[in-house]
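> Handing you this structure, nothing more for now.
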Amino acid sequence: MDIIAEKSFLIKKLEEINDVALLREIHALIERSQFQDQGYLGESIEVYNREVEEAKSRILSGKFTPHEDVEKAFV
């Protein structure tokens, strides 16, 4: 089934549901899905991308701790 057919099927099924608890569960499922799609740890993709760029800048400027040093600190 393609995406349009899937959506159409779901819309028809949703219209038939009279169970408020079930509808709330479906609503919550959709909300969780959209929240997870926003990016790392629920942050917006813009925040995530900005943090990645900041991390790259720190690495390029030498402001980081090499992995080997971190391993030595915890051994």
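Chain identifiers are assigned as A, B, and so on, following the order in which chains appear in the structure tokens; residues are numbered from 1 within each chain, and ligands are numbered from 1 in order of appearance.
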Using only C-alpha atoms, which protein or nucleic acid residues come within 12 Å of Leu14 in chain A? Drop anything in the same chain fewer than 5 positions from it, and give the result as a ChimeraX atom specification.

/A:7-9,19-20,22-27

> Write out as number ranges by chain the set of residues from chain A that DSSP, computed on the backbone, places in helix (DSSP H, G or I).

A: 3-16, 20-37, 40-42, 45-60, 67-73

> Deliver the residues from the most recent selection as a file, using C-alpha atoms, as a PDB file, in the first residue's frame.


ATOM      1  CA  ILE A   3       1.404   6.335   1.625  1.00  0.00           C
ATOM      2  CA  ILE A   4      -1.783   7.929   0.284  1.00  0.00           C
ATOM      3  CA  ALA A   5      -3.681   4.660   0.529  1.00  0.00           C
ATOM      4  CA  GLU A   6      -2.339   4.114   4.063  1.00  0.00           C
ATOM      5  CA  LYS A   7      -3.490   7.561   5.161  1.00  0.00           C
ATOM      6  CA  SER A   8      -6.890   7.084   3.576  1.00  0.00           C
ATOM      7  CA  PHE A   9      -7.328   3.726   5.293  1.00  0.00           C
ATOM      8  CA  LEU A  10      -6.341   5.161   8.674  1.00  0.00           C
ATOM      9  CA  ILE A  11      -8.640   8.173   8.326  1.00  0.00           C
ATOM     10  CA  LYS A  12     -11.590   5.882   7.595  1.00  0.00           C
ATOM     11  CA  LYS A  13     -10.743   3.659  10.564  1.00  0.00           C
ATOM     12  CA  LEU A  14     -10.315   6.661  12.885  1.00  0.00           C
ATOM     13  CA  GLU A  15     -13.732   7.961  11.883  1.00  0.00           C
ATOM     14  CA  GLU A  16     -15.251   4.647  12.977  1.00  0.00           C
ATOM     15  CA  VAL A  20     -12.216   7.917  23.615  1.00  0.00           C
ATOM     16  CA  ALA A  21      -9.426   6.060  25.440  1.00  0.00           C
ATOM     17  CA  LEU A  22      -8.274   4.428  22.212  1.00  0.00           C
ATOM     18  CA  LEU A  23      -8.325   7.754  20.389  1.00  0.00           C
ATOM     19  CA  ARG A  24      -6.241   9.312  23.170  1.00  0.00           C
ATOM     20  CA  GLU A  25      -3.724   6.485  22.887  1.00  0.00           C
ATOM     21  CA  ILE A  26      -3.480   6.990  19.130  1.00  0.00           C
ATOM     22  CA  HIS A  27      -3.067  10.724  19.714  1.00  0.00           C
ATOM     23  CA  ALA A  28      -0.278  10.087  22.240  1.00  0.00           C
ATOM     24  CA  LEU A  29       1.451   7.708  19.825  1.00  0.00           C
ATOM     25  CA  ILE A  30       1.423  10.353  17.105  1.00  0.00           C
ATOM     26  CA  GLU A  31       2.717  13.004  19.516  1.00  0.00           C
ATOM     27  CA  ARG A  32       5.579  10.743  20.676  1.00  0.00           C
ATOM     28  CA  SER A  33       6.482   9.974  17.093  1.00  0.00           C
ATOM     29  CA  GLN A  34       6.607  13.653  16.163  1.00  0.00           C
ATOM     30  CA  PHE A  35       8.610  14.453  19.298  1.00  0.00           C
ATOM     31  CA  GLN A  36      11.197  11.813  18.458  1.00  0.00           C
ATOM     32  CA  ASP A  37      11.466  13.124  14.906  1.00  0.00           C
ATOM     33  CA  TYR A  40      18.533  14.313  19.421  1.00  0.00           C
ATOM     34  CA  LEU A  41      17.057  14.045  22.929  1.00  0.00           C
ATOM     35  CA  GLY A  42      13.892  15.797  21.846  1.00  0.00           C
ATOM     36  CA  ILE A  45      16.895  19.753  14.606  1.00  0.00           C
ATOM     37  CA  GLU A  46      18.110  23.364  14.538  1.00  0.00           C
ATOM     38  CA  VAL A  47      19.501  23.074  18.088  1.00  0.00           C
ATOM     39  CA  TYR A  48      21.069  19.716  17.269  1.00  0.00           C
ATOM     40  CA  ASN A  49      22.721  21.064  14.110  1.00  0.00           C
ATOM     41  CA  ARG A  50      24.013  24.144  15.952  1.00  0.00           C
ATOM     42  CA  GLU A  51      25.561  21.945  18.651  1.00  0.00           C
ATOM     43  CA  VAL A  52      27.219  19.761  16.014  1.00  0.00           C
ATOM     44  CA  GLU A  53      28.699  22.845  14.337  1.00  0.00           C
ATOM     45  CA  GLU A  54      29.958  24.155  17.693  1.00  0.00           C
ATOM     46  CA  ALA A  55      31.579  20.798  18.417  1.00  0.00           C
ATOM     47  CA  LYS A  56      33.275  20.808  15.004  1.00  0.00           C
ATOM     48  CA  SER A  57      34.635  24.298  15.701  1.00  0.00           C
ATOM     49  CA  ARG A  58      36.044  23.199  19.069  1.00  0.00           C
ATOM     50  CA  ILE A  59      37.726  20.214  17.454  1.00  0.00           C
ATOM     51  CA  LEU A  60      39.237  22.315  14.659  1.00  0.00           C
ATOM     52  CA  HIS A  67      39.894   9.652  23.300  1.00  0.00           C
ATOM     53  CA  GLU A  68      43.094   8.046  24.539  1.00  0.00           C
ATOM     54  CA  ASP A  69      43.399  10.641  27.336  1.00  0.00           C
ATOM     55  CA  VAL A  70      39.812  10.015  28.429  1.00  0.00           C
ATOM     56  CA  GLU A  71      40.470   6.269  28.516  1.00  0.00           C
ATOM     57  CA  LYS A  72      43.589   6.781  30.650  1.00  0.00           C
ATOM     58  CA  ALA A  73      41.630   8.925  33.107  1.00  0.00           C
TER      59      ALA A  73
END
